[in-house]
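Student: Next comes start-v2.cif, mmCIF, C-alpha atoms:
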```cif
data_run
loop_
_atom_site.label_atom_id
_atom_site.label_comp_id
_atom_site.auth_asym_id
_atom_site.auth_seq_id
_atom_site.Cartn_x
_atom_site.Cartn_y
_atom_site.Cartn_z
CA MET A 1 -51.98 6.64 -25.39
CA VAL A 2 -48.60 5.20 -26.33
CA THR A 3 -47.48 1.87 -24.89
CA VAL A 4 -44.05 1.23 -23.42
CA ASN A 5 -43.02 -0.65 -26.55
CA GLU A 6 -44.23 2.21 -28.74
CA VAL A 7 -42.12 4.63 -26.73
CA LEU A 8 -39.02 2.51 -27.34
CA SER A 9 -39.87 2.07 -31.02
CA ARG A 10 -40.46 5.78 -31.60
CA ILE A 11 -37.11 6.71 -30.11
CA GLU A 12 -35.32 4.11 -32.25
CA GLU A 13 -37.20 5.18 -35.39
CA ASN A 14 -35.78 8.65 -34.87
CA GLY A 15 -32.22 7.29 -34.92
CA PHE A 16 -31.55 6.91 -31.19
CA GLU A 17 -31.00 4.04 -28.77
CA ALA A 18 -33.59 3.22 -26.11
CA TYR A 19 -33.66 0.66 -23.31
CA ILE A 20 -35.82 -0.08 -20.30
CA VAL A 21 -33.42 0.02 -17.38
CA GLY A 22 -33.27 -0.60 -13.64
CA GLY A 23 -36.11 -1.65 -11.37
CA TYR A 24 -38.59 -2.70 -14.04
CA VAL A 25 -36.11 -5.17 -15.59
CA ARG A 26 -35.09 -6.44 -12.16
CA ASP A 27 -38.71 -6.99 -11.17
CA PHE A 28 -39.44 -8.63 -14.54
CA ILE A 29 -36.76 -11.24 -13.79
CA LEU A 30 -38.15 -11.72 -10.27
CA GLY A 31 -41.71 -12.09 -11.58
CA ILE A 32 -42.88 -8.93 -9.83
CA ASP A 33 -45.44 -6.68 -11.52
CA SER A 34 -44.26 -3.08 -11.86
CA THR A 35 -45.89 0.05 -13.26
CA ASP A 36 -42.84 2.34 -13.04
CA VAL A 37 -40.77 2.16 -16.22
CA ASP A 38 -37.40 3.91 -16.53
CA ILE A 39 -36.04 4.27 -20.05
CA CYS A 40 -32.51 5.43 -20.89
CA THR A 41 -31.50 6.80 -24.27
CA ASN A 42 -28.85 8.86 -26.04
CA ALA A 43 -31.56 11.30 -27.19
CA ARG A 44 -31.60 14.67 -25.41
CA VAL A 45 -34.64 16.18 -23.70
CA LYS A 46 -35.51 18.56 -26.55
CA GLU A 47 -35.35 15.71 -29.05
CA LEU A 48 -37.56 13.55 -26.85
CA LEU A 49 -40.16 16.31 -26.48
CA ASP A 50 -40.22 16.66 -30.27
CA ILE A 51 -40.65 12.89 -30.70
CA PHE A 52 -43.55 12.79 -28.23
CA ASP A 53 -45.13 16.16 -29.00
CA ASP A 54 -48.49 14.45 -29.56
CA THR A 55 -48.55 12.99 -26.04
CA ASN A 56 -48.76 14.44 -22.56
CA ALA A 57 -44.97 14.34 -22.21
CA THR A 58 -43.41 16.76 -19.72
CA SER A 59 -39.82 17.52 -18.77
CA ASN A 60 -38.27 18.60 -15.51
CA GLU A 61 -35.15 20.41 -14.36
CA TYR A 62 -33.33 17.10 -13.81
CA GLY A 63 -33.19 16.22 -17.49
CA SER A 64 -35.96 13.63 -17.73
CA VAL A 65 -39.14 13.35 -19.75
CA LYS A 66 -42.25 11.82 -18.20
CA ILE A 67 -45.11 10.13 -20.04
CA ASN A 68 -48.21 8.57 -18.50
CA SER A 69 -49.28 5.53 -20.50
CA ASN A 70 -52.39 3.71 -19.32
CA ASN A 71 -51.27 2.07 -16.06
CA TYR A 72 -47.57 2.84 -16.57
CA ARG A 73 -45.50 5.82 -15.46
CA ILE A 74 -42.67 6.21 -17.95
CA ASP A 75 -39.58 8.25 -17.10
CA ILE A 76 -37.08 8.77 -19.95
CA THR A 77 -33.57 10.02 -19.16
CA THR A 78 -30.56 10.73 -21.34
CA TYR A 79 -27.38 8.67 -20.78
CA ARG A 80 -25.26 10.45 -18.17
CA LYS A 81 -22.27 10.05 -15.92
CA ASP A 82 -20.83 11.57 -12.74
CA VAL A 83 -24.15 12.79 -11.43
CA LYS A 84 -23.69 14.47 -8.05
CA TYR A 85 -26.38 15.32 -5.51
CA ASN A 86 -26.97 17.55 -2.54
CA GLY A 87 -28.82 16.58 0.64
CA ASP A 88 -32.21 16.73 -1.06
CA ARG A 89 -30.87 14.46 -3.79
CA LYS A 90 -31.39 17.21 -6.31
CA LYS A 91 -28.86 16.86 -9.09
CA VAL A 92 -26.28 19.63 -8.93
CA GLU A 93 -24.17 18.36 -11.82
CA ILE A 94 -25.30 16.42 -14.88
CA GLU A 95 -23.02 15.37 -17.71
CA TYR A 96 -24.78 13.78 -20.65
CA VAL A 97 -23.01 11.08 -22.66
CA ASP A 98 -23.80 9.04 -25.77
CA ASN A 99 -22.57 5.73 -24.44
CA LEU A 100 -24.84 3.22 -22.69
CA LEU A 101 -21.93 1.61 -20.86
CA GLU A 102 -20.99 4.90 -19.15
CA ASP A 103 -24.60 5.33 -18.02
CA ILE A 104 -24.69 1.79 -16.62
CA ASN A 105 -21.43 2.25 -14.71
CA ARG A 106 -22.69 5.28 -12.79
CA ARG A 107 -25.70 3.40 -11.35
CA ASP A 108 -26.02 2.23 -7.76
CA PHE A 109 -26.35 -1.58 -7.61
CA THR A 110 -25.68 -4.28 -10.17
CA MET A 111 -29.26 -5.53 -9.95
CA ASN A 112 -30.38 -2.14 -11.29
CA THR A 113 -28.01 -2.08 -14.28
CA LEU A 114 -29.84 -4.48 -16.58
CA CYS A 115 -31.25 -2.99 -19.79
CA MET A 116 -33.99 -4.40 -22.02
CA ASN A 117 -34.75 -3.38 -25.59
CA LYS A 118 -38.14 -3.41 -27.32
CA ASP A 119 -37.64 -7.03 -28.37
CA GLY A 120 -37.09 -8.22 -24.79
CA PHE A 121 -33.33 -8.72 -25.21
CA ILE A 122 -31.51 -8.00 -21.94
CA VAL A 123 -28.13 -6.27 -21.87
CA ASP A 124 -26.19 -7.37 -18.78
CA VAL A 125 -22.60 -6.11 -18.67
CA LEU A 126 -22.08 -6.25 -14.88
CA ASN A 127 -23.52 -9.70 -14.09
CA GLY A 128 -26.56 -8.09 -12.52
CA ARG A 129 -28.79 -11.00 -13.47
CA LYS A 130 -26.61 -13.41 -11.50
CA ASP A 131 -26.86 -11.16 -8.43
CA ILE A 132 -30.64 -10.98 -8.84
CA GLU A 133 -30.91 -14.75 -9.08
CA ASN A 134 -28.67 -15.10 -6.00
CA HIS A 135 -30.61 -12.37 -4.17
CA ILE A 136 -27.48 -10.27 -3.63
CA ILE A 137 -27.24 -6.47 -3.49
CA ARG A 138 -23.82 -5.48 -4.81
CA CYS A 139 -22.53 -1.97 -5.42
CA VAL A 140 -21.37 -0.80 -8.85
CA GLY A 141 -17.77 0.45 -8.86
CA ASN A 142 -16.01 1.94 -5.83
CA ILE A 143 -18.35 1.53 -2.88
CA ASP A 144 -17.19 4.52 -0.83
CA GLU A 145 -17.37 6.81 -3.84
CA ARG A 146 -20.88 5.62 -4.70
CA LEU A 147 -22.15 6.24 -1.18
CA GLU A 148 -20.45 9.64 -0.93
CA GLU A 149 -21.94 10.66 -4.31
CA ASP A 150 -25.41 9.97 -3.02
CA PRO A 151 -25.93 8.93 0.64
CA LEU A 152 -29.53 8.02 -0.16
CA ARG A 153 -28.08 4.84 -1.66
CA MET A 154 -27.38 3.71 1.90
CA LEU A 155 -31.08 3.70 2.77
CA ARG A 156 -31.99 2.34 -0.65
CA ALA A 157 -29.72 -0.65 -0.03
CA VAL A 158 -31.51 -1.39 3.23
CA ARG A 159 -34.90 -0.83 1.62
CA PHE A 160 -34.14 -3.21 -1.25
CA ALA A 161 -32.84 -5.83 1.18
CA CYS A 162 -36.09 -5.48 3.12
CA VAL A 163 -38.62 -5.29 0.27
CA LEU A 164 -36.96 -7.89 -1.98
CA ASP A 165 -35.65 -10.02 0.90
CA PHE A 166 -32.13 -9.82 -0.54
CA LYS A 167 -28.79 -10.01 1.24
CA ILE A 168 -26.37 -7.09 1.13
CA GLU A 169 -22.92 -8.10 -0.12
CA GLU A 170 -20.35 -8.14 2.71
CA ASN A 171 -18.10 -5.29 1.55
CA LEU A 172 -21.10 -3.08 0.84
CA TYR A 173 -22.59 -3.87 4.25
CA LYS A 174 -19.34 -2.89 5.98
CA ALA A 175 -19.25 0.37 4.03
CA LEU A 176 -22.89 1.10 4.89
CA LYS A 177 -21.99 0.86 8.55
CA ARG A 178 -18.72 2.74 8.22
CA LYS A 179 -20.28 5.61 6.30
CA ARG A 180 -23.44 5.93 8.44
CA LYS A 181 -22.78 9.56 9.35
CA LEU A 182 -23.47 10.50 5.71
CA ILE A 183 -27.16 10.03 6.43
CA GLU A 184 -27.06 13.39 8.20
CA ASN A 185 -26.63 14.97 4.77
CA LEU A 186 -30.06 13.75 3.65
CA SER A 187 -33.24 15.77 3.98
CA MET A 188 -35.94 14.45 6.28
CA GLU A 189 -38.24 14.19 3.26
CA ARG A 190 -35.89 11.70 1.58
CA ILE A 191 -35.36 9.74 4.79
CA LYS A 192 -39.11 9.51 5.34
CA GLU A 193 -39.67 8.42 1.74
CA GLU A 194 -37.30 5.46 2.08
CA LEU A 195 -38.49 4.57 5.58
CA THR A 196 -42.10 4.54 4.37
CA LYS A 197 -41.24 2.13 1.57
CA MET A 198 -39.66 -0.18 4.14
CA LEU A 199 -42.55 0.05 6.58
CA VAL A 200 -45.23 -0.81 4.03
CA SER A 201 -43.35 -3.99 3.13
CA SER A 202 -44.54 -7.28 4.61
CA ASN A 203 -40.86 -7.84 5.43
CA CYS A 204 -40.52 -4.54 7.30
CA LEU A 205 -39.19 -6.10 10.51
CA LYS A 206 -36.06 -7.18 8.63
CA GLY A 207 -35.54 -3.58 7.50
CA LEU A 208 -36.00 -2.18 11.01
CA LYS A 209 -33.55 -4.71 12.44
CA MET A 210 -31.01 -3.79 9.77
CA LEU A 211 -31.37 -0.07 10.51
CA ARG A 212 -30.66 -0.82 14.15
CA ASP A 213 -27.72 -3.12 13.37
CA LEU A 214 -26.17 -0.49 11.08
CA ASN A 215 -26.51 2.16 13.83
CA TYR A 216 -28.61 4.39 11.57
CA LEU A 217 -31.38 5.24 14.02
CA SER A 218 -29.86 8.33 15.65
CA TYR A 219 -28.96 9.79 12.26
CA MET A 220 -32.47 9.13 10.97
CA GLY A 221 -34.01 10.63 14.11
CA ILE A 222 -36.02 7.59 15.18
CA GLU A 223 -36.12 5.11 18.02
CA ILE A 224 -37.44 1.58 17.52
CA PRO A 225 -38.89 -0.34 20.51
CA ASP A 226 -37.94 -3.96 21.08
CA LYS A 227 -41.33 -5.15 19.82
CA VAL A 228 -42.89 -3.83 16.63
CA VAL A 229 -45.96 -5.47 15.09
CA SER A 230 -46.03 -5.55 11.29
CA VAL A 231 -49.32 -4.09 10.01
CA SER A 232 -50.39 -2.96 6.56
CA ASP A 233 -51.29 0.61 7.52
CA ILE A 234 -48.38 3.08 7.33
CA CYS A 235 -49.68 5.26 10.19
CA GLY A 236 -50.01 2.09 12.24
CA MET A 237 -46.33 1.39 11.62
CA TYR A 238 -45.23 4.95 12.35
CA SER A 239 -47.30 5.02 15.56
CA GLN A 240 -45.04 2.30 16.97
CA LEU A 241 -41.87 4.35 16.50
CA GLU A 242 -40.56 7.30 18.47
CA PHE A 243 -39.29 10.36 16.63
CA VAL A 244 -36.30 12.33 17.86
CA LYS A 245 -36.28 14.59 14.79
CA GLU A 246 -39.19 16.39 13.15
CA TYR A 247 -40.57 14.25 10.33
CA PRO A 248 -42.52 15.87 7.48
CA PHE A 249 -45.83 14.18 8.19
CA SER A 250 -49.01 15.59 6.69
CA LYS A 251 -51.64 17.00 9.04
CA GLU A 252 -53.76 13.88 8.58
CA GLU A 253 -50.80 11.59 9.28
CA LYS A 254 -49.96 13.48 12.47
CA VAL A 255 -53.54 13.17 13.75
CA ASN A 256 -53.78 9.47 12.87
CA ILE A 257 -50.42 8.62 14.44
CA LYS A 258 -51.27 10.56 17.60
CA ASN A 259 -54.66 8.86 17.95
CA ILE A 260 -53.30 5.36 17.33
CA LYS A 261 -50.63 5.98 19.98
CA LYS A 262 -53.36 6.99 22.45
CA ILE A 263 -55.29 3.79 21.81
CA LEU A 264 -52.15 1.67 22.12
CA LYS A 265 -51.47 3.27 25.49
CA TYR A 266 -55.11 2.61 26.49
CA GLY A 267 -54.49 -1.02 25.57
CA ILE A 268 -57.95 -2.17 24.45
CA ILE A 269 -60.61 -1.50 21.83
CA ASP A 270 -64.02 -0.72 23.27
CA ASN A 271 -67.07 1.34 22.36
CA ASN A 272 -65.42 4.52 23.65
CA VAL A 273 -62.44 4.03 21.34
CA ILE A 274 -64.67 3.48 18.29
CA PHE A 275 -66.83 6.49 19.21
CA ASP A 276 -63.84 8.79 19.78
CA TYR A 277 -61.58 7.71 16.90
CA GLY A 278 -63.76 5.95 14.35
CA LEU A 279 -63.68 2.43 12.93
CA TYR A 280 -60.61 2.89 10.69
CA ILE A 281 -58.26 4.05 13.46
CA ALA A 282 -59.73 1.49 15.86
CA MET A 283 -59.07 -1.29 13.33
CA VAL A 284 -55.44 -0.19 12.83
CA ALA A 285 -54.79 -0.02 16.57
CA GLY A 286 -56.62 -3.31 17.05
CA ASP A 287 -54.38 -4.92 14.44
CA ILE A 288 -51.32 -3.87 16.46
CA LEU A 289 -52.93 -5.03 19.72
CA GLY A 290 -53.83 -8.39 18.20
CA ILE A 291 -57.59 -7.92 18.43
CA ASP A 292 -59.72 -9.73 15.88
CA LYS A 293 -61.06 -7.47 13.11
CA GLU A 294 -64.47 -9.17 13.14
CA GLU A 295 -64.81 -8.42 16.84
CA ILE A 296 -64.12 -4.72 16.25
CA THR A 297 -66.48 -4.63 13.27
CA LEU A 298 -69.25 -6.19 15.38
CA MET A 299 -68.65 -3.63 18.15
CA ASP A 300 -68.94 -0.85 15.59
CA LYS A 301 -72.13 -2.33 14.17
CA ASN A 302 -73.73 -2.48 17.63
CA LEU A 303 -72.50 0.93 18.80
CA PRO A 304 -75.45 2.51 20.69
CA ILE A 305 -74.49 6.08 19.70
CA ARG A 306 -72.05 7.52 17.15
CA ARG A 307 -72.30 11.23 17.90
CA TYR A 308 -73.18 13.36 20.91
CA LYS A 309 -76.31 14.36 19.01
CA ASP A 310 -77.45 10.75 19.19
CA MET A 311 -77.89 11.05 22.97
CA GLU A 312 -81.56 11.41 23.91
CA ILE A 313 -81.00 14.63 25.84
CA ASN A 314 -79.78 18.10 24.91
CA SER A 315 -77.62 20.67 26.63
CA GLU A 316 -80.56 22.87 27.55
CA GLU A 317 -82.23 20.02 29.43
CA ILE A 318 -79.01 19.16 31.25
CA CYS A 319 -78.47 22.77 32.38
CA LYS A 320 -82.07 22.96 33.58
CA ILE A 321 -81.88 19.74 35.61
CA LEU A 322 -78.53 20.64 37.20
CA ARG A 323 -79.36 24.34 37.45
CA ILE A 324 -76.10 25.37 35.81
CA GLU A 325 -75.08 27.73 33.06
CA PRO A 326 -73.38 26.32 29.94
CA ASN A 327 -69.71 26.06 30.93
CA ARG A 328 -66.90 23.55 31.36
CA ILE A 329 -68.98 21.41 33.71
CA LEU A 330 -71.48 20.83 30.89
CA ASN A 331 -68.74 19.23 28.76
CA SER A 332 -67.86 16.91 31.63
CA VAL A 333 -71.52 15.93 32.04
CA LEU A 334 -71.90 15.19 28.34
CA GLU A 335 -68.73 13.09 28.38
CA ASP A 336 -69.94 11.16 31.43
CA ILE A 337 -73.33 10.41 29.86
CA LYS A 338 -71.69 9.36 26.62
CA THR A 339 -69.31 7.00 28.41
CA LYS A 340 -72.03 5.36 30.47
CA ILE A 341 -74.21 4.81 27.40
CA LEU A 342 -71.29 3.28 25.52
CA GLU A 343 -70.38 1.08 28.48
CA GLY A 344 -73.98 -0.13 28.69
CA SER A 345 -74.61 1.10 32.24
CA LEU A 346 -77.04 3.80 31.11
CA GLU A 347 -79.91 3.31 28.66
CA ASN A 348 -80.07 5.95 25.94
CA THR A 349 -83.56 7.22 26.67
CA ASN A 350 -84.54 10.70 27.79
CA GLU A 351 -86.24 9.31 30.89
CA GLN A 352 -83.27 7.23 32.06
CA ILE A 353 -80.72 9.98 31.40
CA LYS A 354 -82.77 12.54 33.32
CA LYS A 355 -83.16 10.09 36.20
CA TYR A 356 -79.39 9.56 36.25
CA LEU A 357 -78.76 13.32 36.29
CA PHE A 358 -81.22 13.89 39.17
CA ASN A 359 -79.52 11.16 41.20
CA SER A 360 -76.03 12.52 40.51
CA ARG A 361 -76.88 16.22 40.79
CA LYS A 362 -74.84 16.77 43.95
CA LYS A 363 -71.72 15.33 42.31
CA TRP A 364 -71.96 17.78 39.42
CA LEU A 365 -72.79 20.75 41.64
CA ASP A 366 -69.74 20.00 43.80
CA GLU A 367 -67.55 19.67 40.70
CA GLY A 368 -68.95 22.94 39.38
CA ALA A 369 -68.10 24.64 42.66
CA ASP A 370 -64.54 23.30 42.49
CA ILE A 371 -64.13 24.65 38.95
CA LYS A 372 -65.50 28.05 40.03
CA ASN A 373 -63.17 28.24 43.05
CA ASN A 374 -60.17 27.32 40.93
#
```
Give the structure from the file, written as structure tokens.
Tutor:
Amino acid sequence: MVTVNEVLSRIEENGFEAYIVGGYVRDFILGIDSTDVDICTNARVKELLDIFDDTNATSNEYGSVKINSNNYRIDITTYRKDVKYNGDRKKVEIEYVDNLLEDINRRDFTMNTLCMNKDGFIVDVLNGRKDIENHIIRCVGNIDERLEEDPLRMLRAVRFACVLDFKIEENLYKALKRKRKLIENLSMERIKEELTKMLVSSNCLKGLKMLRDLNYLSYMGIEIPDKVVSVSDICGMYSQLEFVKEYPFSKEEKVNIKNIKKILKYGIIDNNVIFDYGLYIAMVAGDILGIDKEEITLMDKNLPIRRYKDMEINSEEICKILRIEPNRILNSVLEDIKTKILEGSLENTNEQIKKYLFNSRKKWLDEGADIKNN
């Protein structure tokens, strides 16, 4: 597989310019490891596909060529200007150019305008390196125009300030607040994508505070409580927020968020929680509740039963003892036995469970009568 340097060299050997640009160069200066490499060039897509016809290179409708190289994801785009977007940030107008400077001037923030050639030489025409060293996020060109071109830049600015722990330049910050209604033009997929990147950051609380201070929450369709605990699990973070708009969560995310919320409302981690939701969800909720992970792990290790099948009695025996037919009351009985075993008040032996059922038969018969009457 080709290396990043080989990609740059191949493009140059075919008579074109090629530079690593944007986030990778920024992170390189900050000493942050990155596997996403953006390369800009004056070569067009067809020419790039010809150059890399012996690789797994693919192109998309947005005028970029992608190459997977070992641990790197390489995205090559042709120099362009005046790129406009719709609410899904799909490009609706692309004008290719042959000049690197024009490509640099259409980018979002100065810290993302630095370019590096194959020899490690950095091209810095907008003093982006100085802003990186001073931890400043500054907009390229006319701020209002940049935000109106692509409102996603508003959330990206907040995300970068959060993840990199940078400060947003004063004029840009004022514009971010002034133009907040533009967020309504973004798709929920794009909003979720940026919000997720903020929430997985160890500095996420800064990002959430900034979203509140900029009055973005109603436009993003979220509500943030006064206290949010920073945890590493994304569903754990989302479970602490309230959603006014429908977010495009996967089925698994929806289930996990719902279950974590239930545990948080319950307020503790016990055997019932681990039995009902599993160790992973219990650990995430416990992290938010401030419960020691070792304590939860020990509870899981000593769990007396993990499934209903682990109970030393079956449904047929229960129905026979209580003289009932399999119905809703049977589910209640099974749940009651399970809870008592997990709480430690009932030993998980066939003899003890049968004894408990005989002693509580009247309670279940009365409950069964109530269900039948209703």
Student: Considering all atoms listed in the file, can you say which of A:Asn70, A:Thr113, A:Asn60, A:Gln240 comes closest to Ile39 in chain A?
Tutor: A:Thr113
Student: Find the residues around range 306-320 of chain A up to 7 Å (only C-alpha atoms counted), leave out those fewer than 3 positions away in its own chain, and share them as a ChimeraX atom specification.
Tutor: /A:275,303,323-326,348-350
Student: Might you pull out every residue within 6 Å of range 161-165 of chain A, with only C-alpha atoms counted and same-chain residues fewer than 4 positions away left off, and present them as a list in words?
Tutor: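 Using only C-alpha atoms, the neighbours found are Ser201, Asn203, Lys206 and Gly207 of chain A.
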Student: Using all atoms listed in the file, pick whichever of A:Arg26, A:Lys177, A:Lys209, A:Arg10 has the shortest atom-to-atom distance to Arg129 in chain A.
Tutor: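 Between A:Arg26, A:Lys177, A:Lys209, A:Arg10, the residue approaching Arg129 in chain A most closely is A:Arg26.
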Student: Tell me which residues the PyMOL selection byres ((chain A and resi 332) around 12) grabs here, as a PyMOL selection string.
Tutor: chain A and resi 315+318+326-331+333-339+363-365+367-368+371
Student: Nearest to Ser34 in chain A: which of A:Ile74, A:Ile305, A:Leu211, A:Leu48 is it, counting only C-alpha atoms?
Tutor: A:Ile74
Student: So what does the PyMOL selection byres ((chain A and resi 198) around 12) actually pick up in this one, as a PDB file with C-alpha atoms, in the coordinates of the input?
Tutor:
```
ATOM      1  CA  LEU A 155     -31.080   3.700   2.770  1.00  0.00           C
ATOM      2  CA  ARG A 156     -31.990   2.340  -0.650  1.00  0.00           C
ATOM      3  CA  ALA A 157     -29.720  -0.650  -0.030  1.00  0.00           C
ATOM      4  CA  VAL A 158     -31.510  -1.390   3.230  1.00  0.00           C
ATOM      5  CA  ARG A 159     -34.900  -0.830   1.620  1.00  0.00           C
ATOM      6  CA  PHE A 160     -34.140  -3.210  -1.250  1.00  0.00           C
ATOM      7  CA  ALA A 161     -32.840  -5.830   1.180  1.00  0.00           C
ATOM      8  CA  CYS A 162     -36.090  -5.480   3.120  1.00  0.00           C
ATOM      9  CA  VAL A 163     -38.620  -5.290   0.270  1.00  0.00           C
ATOM     10  CA  LEU A 164     -36.960  -7.890  -1.980  1.00  0.00           C
ATOM     11  CA  ASP A 165     -35.650 -10.020   0.900  1.00  0.00           C
ATOM     12  CA  ILE A 191     -35.360   9.740   4.790  1.00  0.00           C
ATOM     13  CA  LYS A 192     -39.110   9.510   5.340  1.00  0.00           C
ATOM     14  CA  GLU A 193     -39.670   8.420   1.740  1.00  0.00           C
ATOM     15  CA  GLU A 194     -37.300   5.460   2.080  1.00  0.00           C
ATOM     16  CA  LEU A 195     -38.490   4.570   5.580  1.00  0.00           C
ATOM     17  CA  THR A 196     -42.100   4.540   4.370  1.00  0.00           C
ATOM     18  CA  LYS A 197     -41.240   2.130   1.570  1.00  0.00           C
ATOM     19  CA  LEU A 199     -42.550   0.050   6.580  1.00  0.00           C
ATOM     20  CA  VAL A 200     -45.230  -0.810   4.030  1.00  0.00           C
ATOM     21  CA  SER A 201     -43.350  -3.990   3.130  1.00  0.00           C
ATOM     22  CA  SER A 202     -44.540  -7.280   4.610  1.00  0.00           C
ATOM     23  CA  ASN A 203     -40.860  -7.840   5.430  1.00  0.00           C
ATOM     24  CA  CYS A 204     -40.520  -4.540   7.300  1.00  0.00           C
ATOM     25  CA  LEU A 205     -39.190  -6.100  10.510  1.00  0.00           C
ATOM     26  CA  LYS A 206     -36.060  -7.180   8.630  1.00  0.00           C
ATOM     27  CA  GLY A 207     -35.540  -3.580   7.500  1.00  0.00           C
ATOM     28  CA  LEU A 208     -36.000  -2.180  11.010  1.00  0.00           C
ATOM     29  CA  LYS A 209     -33.550  -4.710  12.440  1.00  0.00           C
ATOM     30  CA  MET A 210     -31.010  -3.790   9.770  1.00  0.00           C
ATOM     31  CA  LEU A 211     -31.370  -0.070  10.510  1.00  0.00           C
ATOM     32  CA  SER A 230     -46.030  -5.550  11.290  1.00  0.00           C
ATOM     33  CA  VAL A 231     -49.320  -4.090  10.010  1.00  0.00           C
ATOM     34  CA  SER A 232     -50.390  -2.960   6.560  1.00  0.00           C
ATOM     35  CA  ILE A 234     -48.380   3.080   7.330  1.00  0.00           C
ATOM     36  CA  MET A 237     -46.330   1.390  11.620  1.00  0.00           C
ATOM     37  CA  TYR A 238     -45.230   4.950  12.350  1.00  0.00           C
TER      38      TYR A 238
END
```
Student: Evaluating the PyMOL selection byres ((chain A and resi 142-150) around 7) on the displayed file yields which residues, as JSON, numbers by chain?
Tutor: {"A": [84, 85, 108, 139, 140, 141, 151, 152, 153, 154, 172, 175]}
Student: What separation in Å, quoted to one decimal, exists between CA of Lys293 in chain A and CA of Asp226 in chain A?
Tutor: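 One can read the CA of Lys293 in chain A to CA of Asp226 in chain A distance as 24.7 Å.
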Student: Would you pick out the contacts of Met220 in chain A at 8 Å or less, using all atoms listed in the file, so that residues sharing its chain but fewer than 2 positions from it are not included, and give the list as a PyMOL selection string?
Tutor: chain A and resi 183-184+188+191+216-218+222+245
Student: Name the residues, using the chain letters and numbers of the file, that sit within 10 Å of (-43.4, 7.3, 18.5) when counting all atoms listed in the file, and give them as JSON, numbers by chain.
Tutor: {"A": [222, 223, 224, 225, 237, 238, 239, 240, 241, 242, 243, 244, 257, 258, 261]}
